[in-house]
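Reviewing the structure listed below.
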Amino acid sequence: MSKPINIYSIPELRQTLDEALPGIFSRYEFNQSFRLIDSQLVIGYGIALVAAASFLLDKKFEFEEVLTYQKILVGSYMVLSTVYWYFTKFVQKGITYEGVNKKGTSIAVKTFFENNEPLYHITFMTQDDFDLKTALPVNKVFNEHGYLQTDLLYQWIGQQLTILETKKAK
Amino acid sequence: MNLRLELTRFLKLCFVLSSAFMFWKGLSIATNSHSPIVVVLSGSMEPAFQRGDVLFLWNRNERSKVGDVVIYEVQDKSIPIVHRVLREHHNDKNKQLLLTKGDNNAGDDIPLYGRKKIYLQKERDIVGTVKGYVPQLGYVTIWISENKYAKLALMGFLGISALLSNE
């Protein structure tokens, strides 16, 4: 059972819903693909490693002794940060879930909240560029005590998947 | 437990720490000074600088001019000192010797140099020349480093805000 959250806090709503998606899609027999999140983690921890190396050099040696290494490290930090920014902005583009089912249908899901609006905007994207843009009012899936009603979310996602299927068949 | 989720959260914390540190490091490489921003700790440069003023340094000038306010560090003493250049001697090979004095001090700095030294070497001892300042902003750091209760209060405040904030 999930923890209750403060349903008036958009960050908490987004986090809870985003974290619930993989479970829901696995019930619809989608296998999650970790391609994007893994790349993001690799680049991100690369940045952290560069910074850690620079910090250690700074602790152990005098400024003048390691200046050349520090220049290289700061340079690579800037390059990696740019790559990270480009990746999240243009490659990942807010995709929170990616998965493939046994029939070979792949799906990508983008989610976002507008400021101060309890509407979970969600875009389903398939490999044939069929996009389904819709929004879920969060009071449909959270009860007043702040618990996520996973089954209701499961049913709602199911309806959207059916709509996506029929749209595709046309 | 979802490993990727935990790693993503931990990565955010890493980014906060690493961006702060790398900004500092980048600034120190750009200015060629190992500490490009310093806080004035003594009143020896009053009325130009008070205790707690934040100074921004630049160390890419070849020579210091008489009248420049410079930060220097004497060997074996880790406290940087902010004083004005009183006299300078230089040759053609970029070697420059400096004598400094605090505006508010009665005498020059020779007693501070120690070890029978009577001058500073620009290349070796100077941390940077003051190029800009913000009055009083650094008083917080003095207050925290000289008052143990302030340190505890700051730690407590950071801890509570970390607990109460979203994400």
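Labels used: A, B, ... for chains in the order of the structure tokens, numbers from 1 for residues in each chain, and numbers from 1 for ligands as shown.
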Find the residues of chain B in contact range of chain A, meaning any atom within 9 Å when counting only C-alpha atoms, and list them as a VMD selection string.
-> chain B and resid 4 to 5 7 to 8 11 to 12 14 to 15 17 to 19 21 to 23 25 to 26 29 33 to 34 166 to 167
Could you pull out the residues in region 23-127 of chain A that DSSP calls alpha helix (DSSP H) from the backbone, as a count of residues only?
-> 51
Please measure the separation of CA of Val38 (chain B) and CA of Thr82 (chain A), giving the value in Å to one decimal.
->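 So the two atoms, CA of Val38 (chain B) and CA of Thr82 (chain A), lie 29.4 Å apart.
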Could you pull the residues within 12 Å of Pro47 (chain B), counting only C-alpha atoms, minus those fewer than 5 positions along the same chain, as a VMD selection string?
-> chain B and resid 42 53 102 to 105 135
Residues just named, written with all heavy atoms as a PDB file, in the first residue's frame:
ATOM      1  N   SER B  42      39.600  41.727   9.111  1.00  0.00           N
ATOM      2  CA  SER B  42      40.129  42.680  10.093  1.00  0.00           C
ATOM      3  C   SER B  42      39.761  44.101   9.706  1.00  0.00           C
ATOM      4  O   SER B  42      39.316  44.372   8.592  1.00  0.00           O
ATOM      5  CB  SER B  42      41.642  42.555  10.185  1.00  0.00           C
ATOM      6  OG  SER B  42      42.237  43.257   9.122  1.00  0.00           O
ATOM      7  N   ASP B  53      33.072  42.741   4.608  1.00  0.00           N
ATOM      8  CA  ASP B  53      32.906  43.036   3.182  1.00  0.00           C
ATOM      9  C   ASP B  53      33.384  41.850   2.338  1.00  0.00           C
ATOM     10  O   ASP B  53      34.355  41.188   2.694  1.00  0.00           O
ATOM     11  CB  ASP B  53      33.722  44.276   2.797  1.00  0.00           C
ATOM     12  CG  ASP B  53      33.141  45.544   3.391  1.00  0.00           C
ATOM     13  OD1 ASP B  53      32.123  45.442   4.074  1.00  0.00           O
ATOM     14  OD2 ASP B  53      33.727  46.621   3.170  1.00  0.00           O
ATOM     15  N   GLY B 102      48.477  48.378   5.684  1.00  0.00           N
ATOM     16  CA  GLY B 102      47.040  48.572   5.883  1.00  0.00           C
ATOM     17  C   GLY B 102      46.741  50.043   6.057  1.00  0.00           C
ATOM     18  O   GLY B 102      47.463  50.736   6.767  1.00  0.00           O
ATOM     19  N   ASP B 103      45.669  50.532   5.408  1.00  0.00           N
ATOM     20  CA  ASP B 103      45.349  51.968   5.491  1.00  0.00           C
ATOM     21  C   ASP B 103      45.186  52.431   6.934  1.00  0.00           C
ATOM     22  O   ASP B 103      45.505  53.565   7.279  1.00  0.00           O
ATOM     23  CB  ASP B 103      44.031  52.249   4.743  1.00  0.00           C
ATOM     24  CG  ASP B 103      44.219  52.171   3.247  1.00  0.00           C
ATOM     25  OD1 ASP B 103      45.358  51.888   2.817  1.00  0.00           O
ATOM     26  OD2 ASP B 103      43.228  52.373   2.513  1.00  0.00           O
ATOM     27  N   ASN B 104      44.677  51.545   7.768  1.00  0.00           N
ATOM     28  CA  ASN B 104      44.352  51.904   9.141  1.00  0.00           C
ATOM     29  C   ASN B 104      45.477  51.546  10.121  1.00  0.00           C
ATOM     30  O   ASN B 104      45.321  51.715  11.328  1.00  0.00           O
ATOM     31  CB  ASN B 104      43.043  51.214   9.532  1.00  0.00           C
ATOM     32  CG  ASN B 104      42.378  51.859  10.709  1.00  0.00           C
ATOM     33  OD1 ASN B 104      42.572  53.042  10.952  1.00  0.00           O
ATOM     34  ND2 ASN B 104      41.597  51.089  11.452  1.00  0.00           N
ATOM     35  N   ASN B 105      46.595  50.985   9.590  1.00  0.00           N
ATOM     36  CA  ASN B 105      47.707  50.617  10.465  1.00  0.00           C
ATOM     37  C   ASN B 105      48.733  51.741  10.517  1.00  0.00           C
ATOM     38  O   ASN B 105      48.905  52.478   9.543  1.00  0.00           O
ATOM     39  CB  ASN B 105      48.405  49.357   9.944  1.00  0.00           C
ATOM     40  CG  ASN B 105      47.532  48.128  10.111  1.00  0.00           C
ATOM     41  OD1 ASN B 105      46.470  48.203  10.705  1.00  0.00           O
ATOM     42  ND2 ASN B 105      47.991  47.005   9.579  1.00  0.00           N
ATOM     43  N   PRO B 135      29.534  45.426   0.270  1.00  0.00           N
ATOM     44  CA  PRO B 135      29.682  45.707   1.698  1.00  0.00           C
ATOM     45  C   PRO B 135      28.880  44.746   2.567  1.00  0.00           C
ATOM     46  O   PRO B 135      27.756  44.380   2.207  1.00  0.00           O
ATOM     47  CB  PRO B 135      29.137  47.137   1.838  1.00  0.00           C
ATOM     48  CG  PRO B 135      28.834  47.619   0.483  1.00  0.00           C
ATOM     49  CD  PRO B 135      28.841  46.474  -0.449  1.00  0.00           C
TER      50      PRO B 135
END
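Between CA of Leu153 (chain A) and CA of Lys140 (chain A) the separation is 8.2 Å.
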Just the residues within 10 Å of Glu123 (chain B), please, counting only C-alpha atoms, with nothing from its chain fewer than 6 positions along; format it as a ChimeraX atom specification.
-> /B:59,62-63,94-97
Please, which residues in region 9-88 of chain A fall within 9 Å of region 118-135 of chain A when counting only C-alpha atoms, and what is the closest atom pair and distance in Å to one decimal for each, ordered by chain then residue number, as CSV?
residue,atom,partner,partner_atom,distance
A:Ile10,CA,A:Pro118,CA,7.2
A:Leu13,CA,A:Pro118,CA,8.5
A:Arg14,CA,A:Tyr120,CA,7.6
A:Leu17,CA,A:Tyr120,CA,8.5
Residues near Ser39 (chain A), cut-off 12 Å, only C-alpha atoms, skip fewer than 6 positions along chain, as an MDAnalysis selection string = (chainID A and resid 33 45:46 83:84 87:88 91:92) or (chainID B and resid 4 8)
Counting only C-alpha atoms, the option among B:Gln121, B:Ser145, B:Thr31, B:Asn2 closest to Asn61 (chain B) |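 Answer, going by the shortest atom-to-atom distance: B:Thr31.
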Between CA of Thr129 (chain B) and CA of Asn32 (chain B) lies a distance of 11.0 Å
12 Å contact set for Glu144 (chain A), only C-alpha atoms, chain neighbours under 5 positions out, as a PyMOL selection string | chain A and resi 4-8+138-139+149
Hey, which of A:His145, A:Asp18, A:Phe30, A:Lys89 ends up closest to Thr111 (chain A)? Count only C-alpha atoms.
->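 Of A:His145, A:Asp18, A:Phe30, A:Lys89, the one nearest Thr111 (chain A) is A:Asp18, counting only C-alpha atoms.
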